[in-house]
$ cat model.txt   # compact mmCIF, C-alpha atoms
# COMPACT_ATOMS: atom_id res chain seq x y z
CA ALA A 119 27.96 35.94 -10.11
CA ILE A 120 29.87 34.10 -7.39
CA GLY A 121 26.60 32.60 -6.12
CA LYS A 122 25.77 31.30 -9.59
CA ILE A 123 29.23 29.72 -9.91
CA GLU A 124 28.83 28.06 -6.50
CA ASN A 125 25.43 26.70 -7.54
CA TYR A 126 26.89 25.35 -10.76
CA ILE A 127 29.80 23.67 -8.93
CA GLN A 128 27.29 22.10 -6.53
CA PHE A 129 25.21 20.93 -9.50
CA LEU A 130 28.25 19.33 -11.15
CA THR A 131 29.37 17.67 -7.91
CA THR A 132 25.92 16.16 -7.40
CA THR A 133 25.83 15.01 -11.02
CA ILE A 134 29.25 13.36 -10.74
CA ASP A 135 28.20 11.55 -7.56
CA ASP A 136 24.98 10.36 -9.21
CA PHE A 137 26.86 8.99 -12.20
CA ARG A 138 29.62 7.44 -10.11
CA ASN A 139 27.04 5.30 -8.29
CA PHE A 140 25.06 4.64 -11.44
CA PHE A 141 27.94 3.11 -13.37
CA LYS A 142 29.47 0.92 -10.68
CA PRO A 143 30.07 -2.18 -12.77
CA ASN A 144 30.57 -4.73 -10.02
CA GLN A 145 27.02 -4.97 -8.78
CA GLU A 146 25.76 -8.53 -8.76
CA GLN A 147 22.30 -9.98 -8.43
CA GLU A 148 21.52 -11.03 -4.89
CA LYS A 149 18.91 -13.30 -3.37
CA THR A 150 16.84 -10.98 -1.25
CA THR A 151 13.33 -9.96 -0.22
CA LEU A 152 11.47 -6.71 -0.81
CA TYR A 153 11.48 -6.25 2.97
CA ASP A 154 15.30 -6.32 2.99
CA ILE A 155 15.45 -3.89 0.06
CA ILE A 156 13.18 -1.42 1.88
CA ASP A 157 15.12 -1.94 5.09
CA GLY A 158 18.34 -1.18 3.19
CA ALA A 159 16.90 2.08 1.84
CA LEU A 160 15.51 3.14 5.22
CA LYS A 161 18.84 2.47 6.94
CA LEU A 162 20.24 5.22 4.70
CA ILE A 163 17.38 7.74 4.54
CA GLY A 164 15.14 6.79 7.49
CA LYS A 165 16.91 9.11 9.93
CA SER A 166 16.44 12.06 7.57
CA LEU A 167 12.68 11.33 7.33
CA GLU A 168 12.50 11.07 11.12
CA VAL A 169 14.39 14.33 11.73
CA ASN A 170 12.07 16.11 9.31
CA ARG A 171 9.04 14.65 11.14
CA ILE A 172 7.79 12.76 8.12
CA ILE A 173 5.40 9.94 8.99
CA LEU A 174 6.29 6.63 7.38
CA HIS A 175 3.97 3.65 6.89
CA VAL A 176 5.40 0.39 5.58
CA GLU A 177 2.99 -2.35 4.49
CA ASP A 178 4.89 -5.47 3.39
CA LYS A 179 2.80 -8.19 1.75
CA SER A 180 5.63 -9.78 -0.24
CA LYS A 181 6.86 -13.05 1.23
CA ASN A 182 9.08 -14.70 -1.38
CA THR A 183 12.75 -14.18 -2.08
CA ILE A 184 13.82 -12.66 -5.36
CA LEU A 185 17.04 -12.75 -7.33
CA THR A 186 17.72 -9.16 -8.42
CA TYR A 187 20.07 -6.17 -8.25
CA ASP A 188 19.11 -5.20 -4.72
CA LYS A 189 21.66 -2.36 -4.38
CA LYS A 190 20.36 -0.71 -7.54
CA ILE A 191 16.75 -0.93 -6.35
CA ILE A 192 17.78 0.53 -2.98
CA GLN A 193 19.34 3.44 -4.90
CA VAL A 194 16.06 3.99 -6.79
CA LEU A 195 14.00 3.85 -3.58
CA ILE A 196 16.27 6.37 -1.86
CA ASN A 197 15.88 8.72 -4.80
CA ILE A 198 12.06 8.44 -4.76
CA LEU A 199 11.92 8.84 -0.96
CA LYS A 200 14.26 11.84 -1.06
CA ASN A 201 12.06 13.47 -3.73
CA ALA A 202 8.98 12.85 -1.57
CA GLN A 203 10.72 14.36 1.44
CA ASP A 204 11.82 17.42 -0.57
CA ALA A 205 8.27 17.95 -1.88
CA ILE A 206 6.75 17.61 1.60
CA LEU A 207 9.22 20.10 3.07
CA GLU A 208 9.08 22.53 0.15
CA ARG A 209 5.28 22.65 0.26
CA LYS A 210 5.21 22.69 4.09
CA VAL A 211 2.72 19.81 4.16
CA GLU A 212 1.23 19.28 7.60
CA GLU A 213 1.62 15.68 8.69
CA GLY A 214 3.76 14.87 5.67
CA THR A 215 3.38 11.15 5.12
CA ILE A 216 5.00 8.50 2.92
CA TRP A 217 3.52 5.06 2.39
CA ILE A 218 5.64 2.15 1.14
CA ARG A 219 3.73 -0.95 0.08
CA THR A 220 5.01 -4.23 -1.32
CA ARG A 221 3.18 -7.14 -2.90
CA GLU A 222 3.56 -9.87 -5.47
CA GLU A 223 1.54 -10.11 -8.67
CA GLY A 224 2.11 -13.47 -10.31
CA ALA A 225 5.83 -13.56 -11.09
CA SER A 226 6.25 -9.83 -10.50
CA PHE A 227 7.37 -8.02 -7.38
CA VAL A 228 5.81 -4.61 -6.75
CA ILE A 229 6.92 -1.71 -4.58
CA GLU A 230 4.73 1.39 -4.32
CA VAL A 231 5.84 4.66 -2.77
CA GLU A 232 3.12 7.24 -2.23
CA ASP A 233 3.22 10.65 -0.57
CA ASN A 234 0.74 13.37 0.36
CA ALA A 235 2.73 16.31 -1.04
CA GLY A 236 0.12 17.40 -3.59
CA GLY A 237 1.19 15.53 -6.72
CA ILE A 238 2.64 16.85 -9.97
CA PRO A 239 0.77 19.08 -12.46
CA LEU A 240 -0.62 17.07 -15.38
CA ASP A 241 1.25 19.13 -17.97
CA ILE A 242 4.62 18.06 -16.55
CA ILE A 243 4.03 14.61 -15.06
CA GLY A 244 4.89 13.09 -18.44
CA LYS A 245 8.31 14.77 -18.39
CA ILE A 246 9.56 13.78 -14.93
CA PHE A 247 11.60 10.84 -16.26
CA ASP A 248 13.30 12.96 -18.96
CA PRO A 249 17.02 13.64 -18.43
CA TYR A 250 17.78 17.07 -16.93
CA PHE A 251 14.11 17.80 -16.23
CA SER A 252 13.60 18.95 -12.65
CA THR A 253 10.70 20.45 -10.71
CA LYS A 254 13.11 21.59 -7.99
CA SER A 255 14.70 24.98 -7.70
CA GLU A 256 17.91 25.26 -9.72
CA LYS A 257 20.42 24.40 -7.03
CA ASN A 258 18.58 21.39 -5.63
CA GLY A 259 18.02 19.13 -8.59
CA THR A 260 20.10 17.77 -11.43
CA GLY A 261 17.07 16.32 -13.21
CA LEU A 262 18.88 12.99 -13.44
CA GLY A 263 17.54 11.07 -10.43
CA LEU A 264 14.28 9.80 -11.91
CA TYR A 265 15.81 9.36 -15.36
CA MET A 266 18.48 7.08 -13.90
CA SER A 267 15.95 5.35 -11.66
CA LYS A 268 13.78 4.46 -14.67
CA THR A 269 16.83 3.22 -16.59
CA ILE A 270 17.92 1.05 -13.65
CA ILE A 271 14.50 -0.55 -13.24
CA GLU A 272 13.79 -1.03 -16.95
CA GLU A 273 17.21 -1.98 -18.29
CA HIS A 274 18.83 -3.74 -15.36
CA CYS A 275 15.87 -5.23 -13.52
CA HIS A 276 13.59 -5.93 -16.51
CA GLY A 277 10.70 -4.11 -14.91
CA PHE A 278 9.03 -0.73 -15.11
CA LEU A 279 8.77 2.43 -13.08
CA LYS A 280 5.73 4.67 -13.42
CA ALA A 281 4.29 7.68 -11.64
CA GLU A 282 0.69 8.78 -11.26
CA ASN A 283 -1.13 11.35 -9.18
CA CYS A 284 -3.30 9.81 -6.48
CA ASN A 285 -5.41 11.02 -3.55
CA LYS A 286 -3.22 13.73 -2.08
CA GLY A 287 0.11 13.23 -3.78
CA ILE A 288 2.02 11.09 -6.21
CA LYS A 289 2.47 7.33 -6.33
CA PHE A 290 5.51 5.67 -7.85
CA THR A 291 5.16 2.01 -8.78
CA ILE A 292 8.21 -0.19 -9.28
CA LYS A 293 7.39 -3.56 -10.82
CA ILE A 294 10.20 -6.05 -11.34
CA GLN A 295 10.48 -9.56 -12.66
CA GLY A 296 12.71 -11.67 -10.53
CA GLU A 297 13.52 -15.29 -10.20
CA MET A 298 11.28 -16.20 -7.32
CA SER A 299 12.26 -18.89 -4.89
CA VAL A 300 10.09 -20.06 -2.03
CA ASN A 301 12.14 -21.16 0.95

$ encode --input "model.txt" --output "structure tokens"
Amino acid sequence: AIGKIENYIQFLTTTIDDFRNFFKPNQEQEKTTLYDIIDGALKLIGKSLEVNRIILHVEDKSKNTILTYDKKIIQVLINILKNAQDAILERKVEEGTIWIRTREEGASFVIEVEDNAGGIPLDIIGKIFDPYFSTKSEKNGTGLGLYMSKTIIEEHCHGFLKAENCNKGIKFTIKIQGEMSVN
């Protein structure tokens, strides 16, 4: 019983932290590049990927600056990267690899994050953005990360976030509209 209580306290603590970051009201739009957004995320989670021997490939084809909520997008990227890391470790994937690719499509800015952790079963892939839905063992997931990520991208950044199984894993695509400025 004590173990269950500890797990629940941990769950609540994680949830509170998630929400505290999610509702910070003072975040402003910044002029930035997708490269800087990825760099910002990797400054926070890169060491963890390295320590866990996860191979990272970054392919940056986006050249313009964008006016957007960069801190919020960094938060989303960290969540997706952390999920990829967890899946790679949980499934003991040999040569666990994450690819991050950026590009521009007309007025849209696109970030793709793909892993080789085996993907998500088709019967649940449609539920991964639902609140409180988690594929992780009880103590490791609140089921709020992807739900909040989707809300951030769709409601704050006027874009979309989708997930699809690909070659050997899952690919998340973040597509955002931003005021583009060439300089």

$ atom_distance --input "model.txt" --atom1 "atom CA of A:Asp204" --atom2 "atom CA of A:Thr253"
10.6 Å

$ residues_around --input "model.txt" --residues "A:Ile243" --least-positions-apart "5" --cutoff "8 Å" --atoms "only C-alpha atoms" --output "ChimeraX atom specification"
/A:238,281-282

$ atom_distance --input "model.txt" --atom1 "atom CA of A:Glu146" --atom2 "atom CA of A:His175"
29.5 Å

$ atom_distance --input "model.txt" --atom1 "atom CA of A:Asp154" --atom2 "atom CA of A:Ile173"
20.0 Å

$ residues_around --input "model.txt" --residues "A:Lys161" --least-positions-apart "6" --cutoff "12 Å" --atoms "all atoms listed in the file" --output "list of chain:residue names"
A:Asp154, A:Ile155, A:Leu167, A:Glu168, A:Ile192, A:Gln193, A:Leu195, A:Ile196

$ closest_residue --input "model.txt" --among "A:Glu124, A:Glu177, A:Glu213, A:Asp241" --to "A:Ile229" --atoms "all atoms listed in the file"
A:Glu177

$ closest_residue --input "model.txt" --among "A:Lys149, A:Lys286, A:Lys293, A:Lys280" --to "A:Ile216" --atoms "only C-alpha atoms"
A:Lys286

$ residues_near_point --input "model.txt" --point "(12.7, 16.1, -2.1)" --cutoff "12 Å" --atoms "all atoms listed in the file" --output "number ranges by chain"
A: 163, 166-167, 170, 172, 196-210, 214, 216, 233, 235, 252-255, 258-259, 261, 263-264

$ residues_around --input "model.txt" --residues "A:Thr220" --least-positions-apart "4" --cutoff "8 Å" --atoms "all atoms listed in the file" --output "PyMOL selection string"
chain A and resi 152+177-180+227-230

$ axis_aligned_box --input "model.txt" --around "stretch 281-292 of chain A" --padding-each-side "4 Å" --output "AutoDock Vina command-line options"
--center_x 1.4 --center_y 6.8 --center_z -6.9 --size_x 21.6 --size_y 21.9 --size_z 17.6

$ residues_around --input "model.txt" --residues "stretch 267-272 of chain A" --least-positions-apart "3" --cutoff "8 Å" --atoms "all atoms listed in the file" --output "MDAnalysis selection string"
chainID A and resid 190:191 193:194 197 247 263:264 275:279 292 294

$ closest_residue --input "model.txt" --among "A:Ser226, A:Val231, A:Gly236, A:Thr186" --to "A:Asn285" --atoms "only C-alpha atoms"
A:Gly236

$ decode --input "model.txt" --residues "stretch 224-240 of chain A" --atoms "N, CA, C and O atoms" --output "JSON list (two decimals), in the first residue's frame"
[["chain", "number", "residue", "atom", "x", "y", "z"],
["A", 224, "GLY", "N", 5.93, 26.39, -47.96],
["A", 224, "GLY", "CA", 5.20, 27.64, -48.15],
["A", 224, "GLY", "C", 5.38, 28.52, -46.94],
["A", 224, "GLY", "O", 6.50, 28.82, -46.55],
["A", 225, "ALA", "N", 4.27, 28.90, -46.30],
["A", 225, "ALA", "CA", 4.35, 29.77, -45.12],
["A", 225, "ALA", "C", 4.41, 28.96, -43.82],
["A", 225, "ALA", "O", 4.33, 29.53, -42.74],
["A", 226, "SER", "N", 4.53, 27.65, -43.93],
["A", 226, "SER", "CA", 4.56, 26.81, -42.74],
["A", 226, "SER", "C", 5.97, 26.36, -42.40],
["A", 226, "SER", "O", 6.81, 26.17, -43.28],
["A", 227, "PHE", "N", 6.19, 26.19, -41.12],
["A", 227, "PHE", "CA", 7.46, 25.67, -40.61],
["A", 227, "PHE", "C", 7.20, 24.29, -40.05],
["A", 227, "PHE", "O", 6.25, 24.09, -39.28],
["A", 228, "VAL", "N", 8.03, 23.31, -40.43],
["A", 228, "VAL", "CA", 7.78, 21.92, -40.06],
["A", 228, "VAL", "C", 8.97, 21.35, -39.29],
["A", 228, "VAL", "O", 10.12, 21.53, -39.68],
["A", 229, "ILE", "N", 8.64, 20.69, -38.17],
["A", 229, "ILE", "CA", 9.64, 19.93, -37.42],
["A", 229, "ILE", "C", 9.13, 18.49, -37.34],
["A", 229, "ILE", "O", 7.99, 18.26, -36.95],
["A", 230, "GLU", "N", 9.98, 17.55, -37.73],
["A", 230, "GLU", "CA", 9.64, 16.13, -37.61],
["A", 230, "GLU", "C", 10.58, 15.48, -36.60],
["A", 230, "GLU", "O", 11.78, 15.75, -36.61],
["A", 231, "VAL", "N", 10.02, 14.65, -35.75],
["A", 231, "VAL", "CA", 10.83, 13.87, -34.82],
["A", 231, "VAL", "C", 10.44, 12.41, -35.02],
["A", 231, "VAL", "O", 9.28, 12.04, -34.87],
["A", 232, "GLU", "N", 11.43, 11.61, -35.38],
["A", 232, "GLU", "CA", 11.17, 10.20, -35.69],
["A", 232, "GLU", "C", 12.10, 9.33, -34.87],
["A", 232, "GLU", "O", 13.25, 9.71, -34.63],
["A", 233, "ASP", "N", 11.61, 8.18, -34.42],
["A", 233, "ASP", "CA", 12.48, 7.27, -33.68],
["A", 233, "ASP", "C", 12.40, 5.87, -34.28],
["A", 233, "ASP", "O", 11.63, 5.63, -35.20],
["A", 234, "ASN", "N", 13.22, 4.96, -33.75],
["A", 234, "ASN", "CA", 13.20, 3.58, -34.25],
["A", 234, "ASN", "C", 12.81, 2.62, -33.12],
["A", 234, "ASN", "O", 13.33, 1.52, -33.01],
["A", 235, "ALA", "N", 11.85, 3.07, -32.28],
["A", 235, "ALA", "CA", 11.47, 2.28, -31.10],
["A", 235, "ALA", "C", 10.27, 1.36, -31.35],
["A", 235, "ALA", "O", 9.65, 0.88, -30.42],
["A", 236, "GLY", "N", 9.91, 1.15, -32.61],
["A", 236, "GLY", "CA", 8.88, 0.15, -32.90],
["A", 236, "GLY", "C", 7.47, 0.66, -33.13],
["A", 236, "GLY", "O", 6.58, -0.10, -33.46],
["A", 237, "GLY", "N", 7.25, 1.97, -32.93],
["A", 237, "GLY", "CA", 5.93, 2.52, -33.21],
["A", 237, "GLY", "C", 4.90, 2.24, -32.14],
["A", 237, "GLY", "O", 5.20, 1.73, -31.07],
["A", 238, "ILE", "N", 3.64, 2.56, -32.46],
["A", 238, "ILE", "CA", 2.54, 2.42, -31.52],
["A", 238, "ILE", "C", 1.45, 1.57, -32.18],
["A", 238, "ILE", "O", 1.10, 1.82, -33.34],
["A", 239, "PRO", "N", 0.92, 0.58, -31.47],
["A", 239, "PRO", "CA", -0.12, -0.27, -32.08],
["A", 239, "PRO", "C", -1.27, 0.56, -32.66],
["A", 239, "PRO", "O", -1.66, 1.58, -32.08],
["A", 240, "LEU", "N", -1.77, 0.11, -33.80],
["A", 240, "LEU", "CA", -2.81, 0.87, -34.52],
["A", 240, "LEU", "C", -4.07, 1.10, -33.70],
["A", 240, "LEU", "O", -4.74, 2.12, -33.85]]
